[in-house]
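Beneath this line is the structure, given in C-alpha cells, with notes to follow.
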Amino acid sequence: MKRYILAVTGASGMPYADTLYHALSGLPETEVQVIISESAKAVMQFEAASGTSFSAQNGHFYSERDLTAPMAGGSWIHHGLVICPCSMATLAAVGNGLGNNLIHRAADVALKEKRPLILVPRETPLNQIHLQNMLAASRAGATILPASPGFYHRPESIQDLVNHIVGRILDHLQIDNSLFPRWGEG
Ligand SMILES: Cc1cc2nc3c(=O)[nH]c(=O)nc-3n(C[C@H](O)[C@H](O)[C@H](O)COP(=O)(O)O)c2cc1C
C-alpha cells in the first residue's frame, strides 16, 4: 500500500491539483490524503468559474487547522507530500521551518524524515525572497518543481499543459505514467 499527501494552497493552478489528485487516487493500492488551506478554498471558487478547478470528492480531507492529523507526526509513514499549487506564503513557511498549520508541519516532518517533498510554485516573476526561500527549501531536501509546462511535446489543449506538469510530479514520486509524450520517445 502506498500513501501520498496532496496539500493544496492558495496559489493559482487548481487544475494541476485536480489532475494530480485523480492520477494518484486512480492508482491501485494507493491512498491519497488531502489538506486544503483556507486560502485554497477561495482560489478554488475563482478558478471554478473558468470551468476547471479542484473537484475531488472521495478521500481523506484535512483542514490546515487540524494539527492532530496523522501527517503532523513523523512515525506516520507516507511516500511523498506534494504541495500543489504552492503559494509563496507556504513556500516561505516551508523554507523557514514554520509549523503553525498542518501543511507547514507536514512539510517540516517530511524533511526531517527524509521523505519526498515536492513544491509546485506558480508565481512569476520571483523576488529575491521567493528565490531565497526556494533555495532554503531545496537545500533542506525539497524538490522545487515550478508549474512551467513545456511546449516541445506540442500541446493541443490546456489539459495537455496540465498533464505535462502532473506527469513530471509523478516522475519525481517514481510513479510510472504516460501523461505526456517524452522527449526522445516520439
Ligand atoms: C484568486 C487568487 C489567486 C492567487 N494566486 C496566488 C499565486 O499564484 N501565488 C501566490 O503565492 N499567492 C496567490 N494568492 C495569494 C494567496 O492565496 C495568499 O498569499 C494566501 O495567504 C496563501 O495562503 P496559504 O499558503 O496558506 O494557502 C492568490 C489569491 C487569490 C485570491
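How things are named: the first chain in the C-alpha cells is A, the next is B, and so on; residues count from 1 in each chain; ligands count from 1 in the order shown.
The environment of Tyr16 in chain A within 8 Å, counting only C-alpha atoms and disregarding residues fewer than 6 places along the same chain, consists of Cys84, Pro85, Val162, Asn163, Ile165 and Val166 of chain A.
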*asked:* Hey, which residues sit close to ligand 1? Say within 10 Å, counting only C-alpha atoms and all ligand atoms, and write them as a PyMOL selection string.
replied: chain A and resi 7-14+36-47+64+83+85-93+101-104+121-124+126+130
Next, the residues of the selection above should be written as a compact mmCIF listing (two decimals), in the first residue's frame with N, CA and C atoms.
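The result, written out as selection17.txt:
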# COMPACT_ATOMS: atom_id res chain seq x y z
N ALA A 7 -1.20 18.53 -0.67
CA ALA A 7 -1.58 19.75 0.05
C ALA A 7 -1.86 20.83 -0.98
N VAL A 8 -3.04 21.40 -0.90
CA VAL A 8 -3.46 22.41 -1.87
C VAL A 8 -3.47 23.76 -1.17
N THR A 9 -2.67 24.73 -1.68
CA THR A 9 -2.63 26.05 -1.05
C THR A 9 -3.19 27.10 -2.01
N GLY A 10 -3.24 28.34 -1.53
CA GLY A 10 -3.98 29.38 -2.23
C GLY A 10 -3.23 30.08 -3.35
N ALA A 11 -2.58 29.32 -4.20
CA ALA A 11 -1.98 29.88 -5.42
C ALA A 11 -2.87 29.51 -6.60
N SER A 12 -2.73 30.24 -7.68
CA SER A 12 -3.45 29.87 -8.88
C SER A 12 -2.90 28.54 -9.40
N GLY A 13 -3.77 27.73 -10.00
CA GLY A 13 -3.30 26.45 -10.56
C GLY A 13 -4.08 25.25 -10.07
N MET A 14 -5.35 25.44 -9.71
CA MET A 14 -6.14 24.31 -9.20
C MET A 14 -6.28 23.15 -10.20
N ILE A 36 -6.33 20.96 2.57
CA ILE A 36 -6.70 22.15 1.79
C ILE A 36 -6.61 23.37 2.70
N SER A 37 -5.81 24.37 2.30
CA SER A 37 -5.69 25.58 3.12
C SER A 37 -6.95 26.43 2.97
N GLU A 38 -7.12 27.33 3.90
CA GLU A 38 -8.29 28.24 3.83
C GLU A 38 -8.22 29.09 2.57
N SER A 39 -7.04 29.58 2.22
CA SER A 39 -6.91 30.42 1.02
C SER A 39 -7.17 29.60 -0.25
N ALA A 40 -6.80 28.33 -0.21
CA ALA A 40 -7.05 27.49 -1.39
C ALA A 40 -8.54 27.41 -1.70
N LYS A 41 -9.35 27.39 -0.66
CA LYS A 41 -10.79 27.30 -0.89
C LYS A 41 -11.28 28.52 -1.69
N ALA A 42 -10.72 29.70 -1.36
CA ALA A 42 -11.11 30.92 -2.08
C ALA A 42 -10.66 30.85 -3.54
N VAL A 43 -9.42 30.39 -3.76
CA VAL A 43 -8.91 30.33 -5.13
C VAL A 43 -9.70 29.30 -5.95
N MET A 44 -10.09 28.22 -5.29
CA MET A 44 -10.90 27.21 -6.00
C MET A 44 -12.19 27.83 -6.52
N GLN A 45 -12.78 28.69 -5.73
CA GLN A 45 -14.04 29.32 -6.17
C GLN A 45 -13.79 30.20 -7.39
N PHE A 46 -12.69 30.97 -7.37
CA PHE A 46 -12.36 31.81 -8.52
C PHE A 46 -12.14 30.95 -9.76
N GLU A 47 -11.37 29.88 -9.59
CA GLU A 47 -10.98 29.10 -10.76
C GLU A 47 -12.09 28.19 -11.24
N GLU A 64 -6.33 22.79 7.27
CA GLU A 64 -4.98 23.24 7.65
C GLU A 64 -4.87 23.43 9.17
N ILE A 83 2.97 19.70 -2.49
CA ILE A 83 2.21 20.93 -2.22
C ILE A 83 1.96 21.56 -3.59
N PRO A 85 -1.17 23.65 -5.95
CA PRO A 85 -0.09 24.60 -6.18
C PRO A 85 0.45 25.10 -4.84
N CYS A 86 1.69 25.61 -4.86
CA CYS A 86 2.33 26.08 -3.63
C CYS A 86 2.42 27.60 -3.66
N SER A 87 1.73 28.24 -2.73
CA SER A 87 1.78 29.72 -2.66
C SER A 87 3.15 30.16 -2.15
N MET A 88 3.45 31.42 -2.36
CA MET A 88 4.71 31.98 -1.85
C MET A 88 4.68 32.06 -0.33
N ALA A 89 3.49 32.20 0.24
CA ALA A 89 3.37 32.23 1.70
C ALA A 89 3.73 30.85 2.28
N THR A 90 3.20 29.81 1.67
CA THR A 90 3.53 28.45 2.15
C THR A 90 4.99 28.12 1.88
N LEU A 91 5.51 28.54 0.71
CA LEU A 91 6.94 28.35 0.43
C LEU A 91 7.78 28.97 1.54
N ALA A 92 7.41 30.20 1.95
CA ALA A 92 8.17 30.89 2.99
C ALA A 92 8.13 30.10 4.30
N ALA A 93 6.96 29.57 4.62
CA ALA A 93 6.83 28.80 5.86
C ALA A 93 7.68 27.53 5.79
N ASN A 101 0.67 25.58 10.71
CA ASN A 101 -0.56 24.95 10.22
C ASN A 101 -0.19 23.54 9.75
N LEU A 102 -1.19 22.73 9.40
CA LEU A 102 -0.93 21.32 9.11
C LEU A 102 -0.05 21.14 7.87
N ILE A 103 -0.20 22.03 6.88
CA ILE A 103 0.61 21.91 5.66
C ILE A 103 2.08 22.20 5.98
N HIS A 104 2.31 23.27 6.73
CA HIS A 104 3.69 23.62 7.09
C HIS A 104 4.31 22.51 7.95
N PRO A 121 5.39 25.67 -7.21
CA PRO A 121 5.01 27.08 -7.24
C PRO A 121 4.57 27.50 -8.64
N ARG A 122 3.74 28.53 -8.69
CA ARG A 122 3.30 29.05 -9.98
C ARG A 122 3.76 30.50 -10.18
N GLU A 123 4.12 31.15 -9.10
CA GLU A 123 4.37 32.60 -9.10
C GLU A 123 5.34 33.03 -10.20
N THR A 124 5.05 34.18 -10.81
CA THR A 124 6.01 34.80 -11.72
C THR A 124 5.73 36.29 -11.80
N LEU A 126 9.65 36.23 -9.85
CA LEU A 126 10.03 35.88 -8.48
C LEU A 126 10.90 36.97 -7.89
N HIS A 130 11.45 35.15 -2.56
CA HIS A 130 10.95 33.87 -3.10
C HIS A 130 12.13 32.96 -3.45
*Would you kindly return, as a ChimeraX atom specification, each protein, DNA or RNA residue with an atom no farther than 10 Å from any atom of Ala137 in chain A, considering only C-alpha atoms and excluding same-chain residues fewer than 3 positions away?*
/A:91-97,107-108,111,117-119,131-134,140-144
Write to file, as an mmCIF file, in the first residue's frame, the residues of the selection just made, with N, CA and C atoms.
data_model
loop_
_atom_site.group_PDB
_atom_site.id
_atom_site.type_symbol
_atom_site.label_atom_id
_atom_site.label_comp_id
_atom_site.auth_asym_id
_atom_site.auth_seq_id
_atom_site.Cartn_x
_atom_site.Cartn_y
_atom_site.Cartn_z
ATOM 1 N N LEU A 91 5.506 28.538 0.712
ATOM 2 C CA LEU A 91 6.936 28.348 0.432
ATOM 3 C C LEU A 91 7.783 28.973 1.538
ATOM 4 N N ALA A 92 7.411 30.196 1.949
ATOM 5 C CA ALA A 92 8.170 30.894 2.993
ATOM 6 C C ALA A 92 8.133 30.097 4.297
ATOM 7 N N ALA A 93 6.964 29.574 4.617
ATOM 8 C CA ALA A 93 6.831 28.800 5.859
ATOM 9 C C ALA A 93 7.680 27.527 5.790
ATOM 10 N N VAL A 94 7.646 26.857 4.638
ATOM 11 C CA VAL A 94 8.410 25.600 4.492
ATOM 12 C C VAL A 94 9.911 25.902 4.536
ATOM 13 N N GLY A 95 10.322 26.951 3.819
ATOM 14 C CA GLY A 95 11.750 27.275 3.730
ATOM 15 C C GLY A 95 12.339 27.752 5.046
ATOM 16 N N ASN A 96 11.448 28.137 5.969
ATOM 17 C CA ASN A 96 11.918 28.656 7.245
ATOM 18 C C ASN A 96 11.501 27.790 8.430
ATOM 19 N N GLY A 97 11.021 26.602 8.132
ATOM 20 C CA GLY A 97 10.761 25.629 9.190
ATOM 21 C C GLY A 97 9.595 25.954 10.106
ATOM 22 N N ALA A 107 5.124 19.390 5.947
ATOM 23 C CA ALA A 107 6.329 19.602 5.137
ATOM 24 C C ALA A 107 7.574 19.506 6.016
ATOM 25 N N ASP A 108 7.512 20.121 7.175
ATOM 26 C CA ASP A 108 8.651 20.084 8.096
ATOM 27 C C ASP A 108 8.958 18.638 8.495
ATOM 28 N N LEU A 111 10.575 16.665 5.634
ATOM 29 C CA LEU A 111 12.008 16.971 5.500
ATOM 30 C C LEU A 111 12.819 16.263 6.583
ATOM 31 N N LEU A 117 9.365 15.487 -0.733
ATOM 32 C CA LEU A 117 8.549 16.701 -0.592
ATOM 33 C C LEU A 117 8.707 17.489 -1.885
ATOM 34 N N ILE A 118 7.605 17.690 -2.583
ATOM 35 C CA ILE A 118 7.640 18.388 -3.870
ATOM 36 C C ILE A 118 6.798 19.646 -3.753
ATOM 37 N N LEU A 119 7.415 20.791 -4.061
ATOM 38 C CA LEU A 119 6.703 22.067 -4.038
ATOM 39 C C LEU A 119 6.467 22.513 -5.480
ATOM 40 N N LEU A 131 13.116 33.544 -4.136
ATOM 41 C CA LEU A 131 14.264 32.740 -4.579
ATOM 42 C C LEU A 131 15.042 32.183 -3.390
ATOM 43 N N GLN A 132 15.218 33.031 -2.360
ATOM 44 C CA GLN A 132 15.936 32.563 -1.159
ATOM 45 C C GLN A 132 15.165 31.448 -0.473
ATOM 46 N N ASN A 133 13.846 31.600 -0.423
ATOM 47 C CA ASN A 133 13.037 30.557 0.220
ATOM 48 C C ASN A 133 13.074 29.254 -0.574
ATOM 49 N N MET A 134 13.093 29.372 -1.897
ATOM 50 C CA MET A 134 13.213 28.158 -2.726
ATOM 51 C C MET A 134 14.554 27.473 -2.476
ATOM 52 N N ALA A 140 17.207 21.955 2.061
ATOM 53 C CA ALA A 140 16.716 21.092 3.143
ATOM 54 C C ALA A 140 16.213 19.753 2.612
ATOM 55 N N GLY A 141 16.091 19.640 1.275
ATOM 56 C CA GLY A 141 15.698 18.349 0.713
ATOM 57 C C GLY A 141 14.456 18.360 -0.148
ATOM 58 N N ALA A 142 13.789 19.514 -0.251
ATOM 59 C CA ALA A 142 12.580 19.574 -1.082
ATOM 60 C C ALA A 142 12.950 19.639 -2.561
ATOM 61 N N THR A 143 12.029 19.180 -3.403
ATOM 62 C CA THR A 143 12.159 19.360 -4.849
ATOM 63 C C THR A 143 11.282 20.538 -5.245
ATOM 64 N N ILE A 144 11.887 21.514 -5.907
ATOM 65 C CA ILE A 144 11.115 22.668 -6.401
ATOM 66 C C ILE A 144 10.764 22.362 -7.848
#
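Between CA of Pro15 in chain A and CA of Leu161 in chain A the interatomic distance comes to 10.1 Å.
Of the residues in range 69-116 of chain A, those given helix (DSSP H, G or I) by DSSP on the backbone are Pro70, Met71, Ala72, Met88, Ala89, Thr90, Leu91, Ala92, Ala93, Val94, Gly95, Leu102, Ile103, His104, Arg105, Ala106, Ala107, Asp108, Val109, Ala110, Leu111 and Lys112 of chain A.
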*Members of range 99-165 of chain A assigned strand (DSSP E or B) by DSSP, as a PyMOL selection string*: chain A and resi 117-121+143-144
